[in-house]
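Pasted below: work-v8.txt, compact mmCIF, C-alpha atoms and all ligand atoms.
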# COMPACT_ATOMS: atom_id res chain seq x y z
CA MET A 1 129.58 85.56 -210.43
CA GLN A 2 126.06 84.16 -210.71
CA VAL A 3 123.92 84.43 -207.60
CA LEU A 4 120.24 83.86 -206.92
CA GLY A 5 118.92 87.18 -205.62
CA ILE A 6 115.80 86.97 -203.45
CA ASP A 7 113.83 90.00 -202.30
CA VAL A 8 111.55 89.00 -199.44
CA GLY A 9 108.78 91.57 -199.08
CA GLY A 10 105.75 91.86 -196.86
CA THR A 11 103.53 90.92 -199.83
CA GLY A 12 105.69 89.11 -202.40
CA ILE A 13 108.92 87.14 -202.64
CA LYS A 14 110.75 88.08 -205.84
CA SER A 15 113.76 86.24 -207.19
CA ALA A 16 116.05 86.01 -210.19
CA ILE A 17 119.49 84.71 -211.07
CA VAL A 18 121.78 87.72 -211.35
CA GLU A 19 125.19 88.26 -212.93
CA THR A 20 126.83 90.33 -210.22
CA ALA A 21 129.49 91.87 -212.49
CA THR A 22 126.82 93.71 -214.48
CA GLY A 23 123.64 93.57 -212.37
CA GLU A 24 121.92 91.83 -215.27
CA LEU A 25 119.10 89.36 -214.65
CA LEU A 26 119.88 86.01 -216.27
CA GLY A 27 116.35 84.87 -216.90
CA GLU A 28 112.87 85.67 -215.71
CA ARG A 29 112.06 87.36 -212.45
CA HIS A 30 109.88 85.02 -210.43
CA ARG A 31 107.31 86.20 -207.88
CA ILE A 32 105.22 84.35 -205.32
CA ALA A 33 103.01 85.67 -202.54
CA THR A 34 104.63 85.95 -199.11
CA PRO A 35 103.02 83.29 -196.89
CA ARG A 36 100.74 84.56 -194.14
CA PRO A 37 101.57 84.48 -191.30
CA ALA A 38 105.12 85.14 -192.51
CA THR A 39 106.82 82.94 -189.93
CA PRO A 40 110.41 81.71 -190.30
CA GLU A 41 109.16 78.17 -191.08
CA ALA A 42 106.63 79.36 -193.66
CA ILE A 43 109.18 81.53 -195.44
CA ALA A 44 111.78 78.73 -195.35
CA GLU A 45 109.24 76.46 -197.05
CA ALA A 46 108.44 79.12 -199.65
CA LEU A 47 112.19 79.51 -200.31
CA ASP A 48 112.45 75.80 -201.03
CA GLY A 49 109.88 76.32 -203.78
CA VAL A 50 111.81 79.31 -205.12
CA LEU A 51 115.05 77.28 -205.26
CA ARG A 52 113.27 74.44 -207.02
CA HIS A 53 111.75 76.88 -209.52
CA HIS A 54 115.19 78.20 -210.46
CA ARG A 55 116.80 74.72 -210.08
CA TRP A 56 119.34 76.51 -207.91
CA GLU A 57 121.89 75.09 -205.46
CA GLY A 58 124.45 77.90 -205.53
CA PRO A 59 124.87 81.02 -203.40
CA VAL A 60 121.79 83.03 -202.45
CA GLY A 61 121.64 86.71 -201.55
CA MET A 62 118.56 87.89 -199.68
CA GLY A 63 117.03 91.26 -198.97
CA PHE A 64 114.72 91.06 -195.96
CA PRO A 65 112.30 93.71 -194.63
CA ALA A 66 113.85 94.22 -191.20
CA ALA A 67 116.83 95.74 -189.44
CA ILE A 68 119.52 93.05 -189.48
CA GLN A 69 122.32 93.87 -187.09
CA HIS A 70 125.42 91.74 -187.55
CA GLY A 71 123.26 89.00 -189.03
CA VAL A 72 120.54 89.07 -186.36
CA VAL A 73 116.99 90.24 -187.11
CA ARG A 74 116.03 93.12 -184.80
CA THR A 75 112.63 94.28 -186.08
CA ALA A 76 109.60 92.75 -187.79
CA ALA A 77 107.12 95.37 -189.01
CA ASN A 78 105.77 93.35 -191.95
CA VAL A 79 106.77 89.78 -191.10
CA ASP A 80 106.03 87.55 -188.12
CA LYS A 81 107.55 88.67 -184.80
CA ALA A 82 109.11 85.19 -184.46
CA PHE A 83 111.89 86.51 -186.71
CA ILE A 84 113.18 88.85 -184.00
CA GLY A 85 116.45 87.52 -182.62
CA LEU A 86 116.93 85.00 -185.45
CA PRO A 87 120.36 84.79 -187.13
CA LEU A 88 118.71 85.07 -190.53
CA ALA A 89 121.32 83.90 -193.02
CA ASP A 90 122.42 80.99 -190.81
CA TYR A 91 118.81 79.92 -190.32
CA PHE A 92 117.96 79.94 -194.04
CA SER A 93 121.32 78.37 -194.98
CA GLU A 94 120.54 75.46 -192.71
CA LYS A 95 116.93 75.15 -193.88
CA THR A 96 117.65 75.33 -197.61
CA GLY A 97 121.10 73.75 -197.85
CA CYS A 98 122.30 76.74 -199.91
CA ARG A 99 124.75 79.38 -198.69
CA VAL A 100 122.53 82.35 -197.87
CA PHE A 101 123.69 85.94 -197.29
CA ALA A 102 121.15 88.44 -195.99
CA ALA A 103 120.72 92.14 -195.25
CA ASN A 104 117.99 94.75 -195.04
CA ASP A 105 115.95 94.95 -198.26
CA ALA A 106 116.25 98.72 -198.75
CA ASP A 107 119.99 98.63 -198.05
CA VAL A 108 120.54 96.01 -200.75
CA ALA A 109 118.29 97.84 -203.24
CA GLY A 110 120.40 100.91 -202.51
CA MET A 111 123.59 98.94 -203.13
CA ALA A 112 122.33 97.98 -206.60
CA GLU A 113 121.40 101.59 -207.41
CA MET A 114 124.73 102.95 -206.17
CA ARG A 115 126.74 100.43 -208.11
CA PHE A 116 124.86 100.22 -211.40
CA GLY A 117 121.88 102.57 -211.29
CA ALA A 118 120.62 106.03 -210.40
CA GLY A 119 123.23 106.58 -207.68
CA LYS A 120 126.21 105.47 -209.75
CA GLY A 121 129.10 107.94 -209.51
CA HIS A 122 127.26 110.12 -206.97
CA SER A 123 129.38 111.39 -204.14
CA GLY A 124 127.79 113.25 -201.24
CA VAL A 125 124.69 111.97 -199.48
CA VAL A 126 122.29 109.76 -201.43
CA LEU A 127 119.03 108.66 -199.84
CA ILE A 128 117.17 105.71 -201.32
CA VAL A 129 113.53 105.23 -200.31
CA THR A 130 111.82 101.99 -201.29
CA ILE A 131 108.06 102.17 -201.37
CA GLY A 132 106.02 98.98 -201.10
CA THR A 133 104.24 97.21 -198.25
CA GLY A 134 106.61 99.12 -195.99
CA LEU A 135 108.80 102.19 -196.42
CA GLY A 136 112.47 101.28 -196.56
CA THR A 137 115.45 103.61 -196.52
CA ALA A 138 119.14 103.32 -197.39
CA LEU A 139 121.58 106.13 -196.74
CA PHE A 140 124.93 106.49 -198.50
CA SER A 141 127.66 109.05 -197.93
CA ASP A 142 130.30 109.12 -200.66
CA GLY A 143 129.18 105.64 -201.63
CA HIS A 144 129.41 104.23 -198.09
CA LEU A 145 126.26 102.73 -196.60
CA LEU A 146 125.05 103.51 -193.10
CA PRO A 147 123.08 100.26 -192.58
CA ASN A 148 119.62 99.73 -191.05
CA THR A 149 118.39 103.32 -191.08
CA GLU A 150 114.69 102.28 -190.67
CA LEU A 151 113.48 105.79 -191.49
CA GLY A 152 110.11 104.53 -192.67
CA HIS A 153 109.18 104.57 -189.00
CA VAL A 154 109.74 108.29 -188.34
CA PHE A 155 106.75 110.30 -187.19
CA LEU A 156 105.55 113.16 -189.34
CA GLU A 157 104.40 116.58 -188.16
CA ASN A 158 100.80 115.35 -188.39
CA GLY A 159 101.61 112.84 -185.63
CA GLN A 160 101.43 109.81 -187.97
CA GLU A 161 104.10 107.21 -188.58
CA ALA A 162 105.36 107.63 -192.16
CA GLU A 163 104.90 103.93 -192.93
CA ARG A 164 101.18 104.25 -192.14
CA GLN A 165 100.81 107.21 -194.51
CA ALA A 166 102.85 106.95 -197.65
CA THR A 167 103.40 103.33 -198.68
CA GLU A 168 102.10 101.73 -201.86
CA ALA A 169 99.96 99.48 -199.63
CA VAL A 170 98.30 102.56 -198.07
CA ARG A 171 97.75 104.14 -201.50
CA VAL A 172 95.94 101.02 -202.69
CA THR A 173 93.93 100.19 -199.56
CA GLN A 174 92.81 103.81 -199.05
CA ASN A 175 92.25 104.24 -202.78
CA LEU A 176 94.22 107.51 -202.81
CA SER A 177 94.64 109.59 -205.95
CA TRP A 178 98.21 110.17 -207.13
CA LYS A 179 97.79 113.77 -205.99
CA ASP A 180 96.69 112.92 -202.43
CA TRP A 181 99.23 110.18 -202.07
CA GLY A 182 101.97 112.32 -203.64
CA GLU A 183 101.31 115.05 -201.07
CA ARG A 184 101.74 112.52 -198.28
CA LEU A 185 104.97 111.27 -199.83
CA ASP A 186 106.15 114.85 -200.15
CA LEU A 187 105.53 115.50 -196.45
CA TYR A 188 107.59 112.41 -195.68
CA LEU A 189 110.46 113.28 -198.03
CA ARG A 190 110.59 116.87 -196.74
CA THR A 191 110.77 115.53 -193.19
CA LEU A 192 113.74 113.36 -194.15
CA GLU A 193 115.34 116.23 -196.05
CA ARG A 194 115.21 118.47 -192.99
CA LEU A 195 117.02 115.80 -190.98
CA LEU A 196 119.56 114.44 -193.46
CA TRP A 197 120.07 116.99 -196.28
CA PRO A 198 120.60 114.43 -199.04
CA ASP A 199 122.09 115.59 -202.36
CA LEU A 200 119.97 113.09 -204.27
CA ILE A 201 116.84 111.07 -203.46
CA VAL A 202 116.22 107.82 -205.35
CA LEU A 203 112.75 106.25 -205.16
CA GLY A 204 112.43 102.47 -205.52
CA GLY A 205 109.62 99.92 -205.37
CA GLY A 206 106.67 99.39 -207.67
CA VAL A 207 105.60 103.05 -207.72
CA SER A 208 109.02 104.25 -208.90
CA GLY A 209 107.84 103.46 -212.45
CA LYS A 210 104.93 105.87 -211.95
CA LEU A 211 107.01 108.82 -210.74
CA SER A 212 105.65 111.11 -213.45
CA GLU A 213 102.15 110.74 -211.90
CA TYR A 214 103.16 112.23 -208.54
CA ALA A 215 106.37 114.15 -209.34
CA PRO A 216 104.42 117.46 -209.50
CA MET A 217 103.57 117.04 -205.79
CA LEU A 218 107.18 116.57 -204.70
CA THR A 219 108.84 119.74 -203.45
CA THR A 220 112.15 118.75 -201.87
CA GLN A 221 115.20 120.79 -202.65
CA ALA A 222 117.16 117.62 -203.50
CA PRO A 223 116.47 116.20 -206.95
CA ILE A 224 114.31 113.06 -206.96
CA VAL A 225 114.81 110.28 -209.51
CA ALA A 226 113.33 106.80 -209.98
CA ALA A 227 115.51 103.79 -209.26
CA SER A 228 117.06 102.62 -212.54
CA PHE A 229 116.19 99.06 -211.64
CA LEU A 230 112.67 100.12 -210.58
CA ASN A 231 111.23 97.18 -208.66
CA ARG A 232 114.17 94.89 -209.53
CA ALA A 233 116.74 96.76 -207.40
CA GLY A 234 116.05 94.50 -204.42
CA VAL A 235 116.78 91.29 -206.31
CA VAL A 236 119.94 92.66 -207.94
CA GLY A 237 121.25 94.18 -204.70
CA ALA A 238 120.54 90.97 -202.78
CA ALA A 239 122.72 89.04 -205.20
CA LEU A 240 125.58 91.49 -204.62
CA LEU A 241 125.73 90.38 -200.96
CA ALA A 242 127.21 87.04 -201.97
CA GLU A 243 130.05 88.60 -203.94
CA GLY A 244 133.53 88.13 -202.57
CA ARG A 245 132.34 85.98 -199.66
C1 LIG A 301 110.95 97.67 -192.25
C2 LIG A 301 112.26 97.93 -192.94
C3 LIG A 301 112.13 97.64 -194.43
C4 LIG A 301 110.96 98.38 -195.03
C5 LIG A 301 110.74 98.04 -196.48
C6 LIG A 301 109.85 98.43 -192.94
O1 LIG A 301 108.63 98.13 -192.32
O2 LIG A 301 111.02 98.06 -190.90
O3 LIG A 301 113.27 97.13 -192.39
O4 LIG A 301 113.32 98.01 -195.08
O5 LIG A 301 109.79 98.07 -194.33
O6 LIG A 301 110.46 96.70 -196.66
Let me see the file written as structure tokens.
Amino acid sequence: MQVLGIDVGGTGIKSAIVETATGELLGERHRIATPRPATPEAIAEALDGVLRHHRWEGPVGMGFPAAIQHGVVRTAANVDKAFIGLPLADYFSEKTGCRVFAANDADVAGMAEMRFGAGKGHSGVVLIVTIGTGLGTALFSDGHLLPNTELGHVFLENGQEAERQATEAVRVTQNLSWKDWGERLDLYLRTLERLLWPDLIVLGGGVSGKLSEYAPMLTTQAPIVAASFLNRAGVVGAALLAEGR
């Protein structure tokens, strides 16, 4: 099945047409800046442009950077607070005229990795951490997802919220070396390890391609690997949402 996968992030909106049977991108990945403020109306307008770019009228799968409980947005750390309480997929379906399916961005990236990527065939507990503007998490046990884990918002032993310490956005704005940033990420991953005891940790987002730069700083007991889809996991996983619906 061909689906337009859209990964709405705090900084960019990425999209591509995806063949859901293989996870393959059928064409270029397109990226535009997320409008600021990222209100529902502004994002709906940006989505119209995305649909026009791909000349797409078919089903759309969307990863969105918020907890989405039974279709309703519950949090808004990196988008406008006006999203809270919105039935996301229904809202964008009505605005765009396409059938939209939506879920948390890290959860969908995790779905792509579990099905086709670094988590494929892994039983036990797999933790996916997506690192970008925010810190997203997806938790799988024997391939089953526990949705909306929101573990980017845990507090570390230094009293700081993880999302304010170890994102890609923080690395860039504070101009941190890979070593300093890697140590912060390590503190975060060790905190999660103590709570969840994952068998495997998969890192996604832009920095997953740079894992070799900060791998020496990572000291968890669980092995850590980069997402096979790197930064594309969100787009591929989003498309999977539309399958079988
Ligand atoms: C949000 C999560 C999201 C993550 C990555 C966090 O700020 O609360 O829902 O998965 O950012 O985008």
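Here the question is which of A:Ala138, A:Ala227, A:Ala76, A:Ala89 gets nearest to A:Leu196 using only C-alpha atoms, and that residue is A:Ala138.
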Notebook entry, point to check: Which chains and residue numbers are within 10 Å of ligand LIG 301 (chain A), counting all atoms listed in the file, if I want them as a PyMOL selection string?
Noted result: chain A and resi 7-11+63-68+73-79+103-109+129-138+148-153+163-164+167+205+234
Judged by all atoms listed in the file, the minimum distance to A:Phe116 among A:Thr219, A:Thr39, A:Gln2, A:Thr20 is found for A:Thr20
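Closest to A:Ile201 among A:Glu113, A:Glu183, A:Glu157, A:Glu168 is A:Glu113, based on only C-alpha atoms.
Atom CA of A:Arg245 to atom CA of A:Ser141 spans 23.6 Å [interatomic distance, one decimal].
Distance annotation: of A:Ile32, A:Leu127, A:Leu26, A:Leu195, the residue with the minimal separation from A:Val225 is A:Leu127; atom set is only C-alpha atoms.
All residues of protein, DNA or RNA that reach within 9 Å of A:Ala239, judged by all atoms listed in the file and not counting those fewer than 2 positions away in the chain, are Gln2, Val3, Leu4, Gly5, Ile6, Ala16, Ile17, Val18, Glu19, Thr20, Gly23, Pro59, Val60, Gly61, Met62, Gly63, Phe101, Val108, Gly234, Val235, Val236, Gly237, Leu241, Ala242 and Glu243 of chain A.
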Writing out the chosen residues with C-alpha atoms as a PDB file, in the coordinates of the input:
ATOM      1  CA  GLN A   2     126.060  84.160-210.710  1.00  0.00           C
ATOM      2  CA  VAL A   3     123.920  84.430-207.600  1.00  0.00           C
ATOM      3  CA  LEU A   4     120.240  83.860-206.920  1.00  0.00           C
ATOM      4  CA  GLY A   5     118.920  87.180-205.620  1.00  0.00           C
ATOM      5  CA  ILE A   6     115.800  86.970-203.450  1.00  0.00           C
ATOM      6  CA  ALA A  16     116.050  86.010-210.190  1.00  0.00           C
ATOM      7  CA  ILE A  17     119.490  84.710-211.070  1.00  0.00           C
ATOM      8  CA  VAL A  18     121.780  87.720-211.350  1.00  0.00           C
ATOM      9  CA  GLU A  19     125.190  88.260-212.930  1.00  0.00           C
ATOM     10  CA  THR A  20     126.830  90.330-210.220  1.00  0.00           C
ATOM     11  CA  GLY A  23     123.640  93.570-212.370  1.00  0.00           C
ATOM     12  CA  PRO A  59     124.870  81.020-203.400  1.00  0.00           C
ATOM     13  CA  VAL A  60     121.790  83.030-202.450  1.00  0.00           C
ATOM     14  CA  GLY A  61     121.640  86.710-201.550  1.00  0.00           C
ATOM     15  CA  MET A  62     118.560  87.890-199.680  1.00  0.00           C
ATOM     16  CA  GLY A  63     117.030  91.260-198.970  1.00  0.00           C
ATOM     17  CA  PHE A 101     123.690  85.940-197.290  1.00  0.00           C
ATOM     18  CA  VAL A 108     120.540  96.010-200.750  1.00  0.00           C
ATOM     19  CA  GLY A 234     116.050  94.500-204.420  1.00  0.00           C
ATOM     20  CA  VAL A 235     116.780  91.290-206.310  1.00  0.00           C
ATOM     21  CA  VAL A 236     119.940  92.660-207.940  1.00  0.00           C
ATOM     22  CA  GLY A 237     121.250  94.180-204.700  1.00  0.00           C
ATOM     23  CA  LEU A 241     125.730  90.380-200.960  1.00  0.00           C
ATOM     24  CA  ALA A 242     127.210  87.040-201.970  1.00  0.00           C
ATOM     25  CA  GLU A 243     130.050  88.600-203.940  1.00  0.00           C
TER      26      GLU A 243
END
What separates atom CA of A:Val72 and atom CA of A:Asp48 is a distance of 21.4 Å
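You can rank A:Arg232, A:Arg115, A:Lys95, A:Arg171 by their closest distance to A:Thr22 using all atoms listed in the file, and at the top of that list sits A:Arg115.
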A straight line from atom CA of A:Ser15 to atom CA of A:Ile43 spans 13.5 Å
Original post:
Around (97.2, 108.9, -206.9) in the file's frame, which residues reach within 12 Å when counting all atoms listed in the file? Return as a ChimeraX atom specification?
Top reply: /A:166-168,170-185,207,210-217
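Among the candidate residues A:Ala33, A:Ala162, A:Leu145, A:Val154, the one lying nearest to A:Gly110 is A:Leu145, with distances computed using all atoms listed in the file.
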Problem set entry | Selection near A:Ile224, 8 Å with all atoms listed in the file, sequence-local residues under 5 positions removed, as a count of residues only | 4
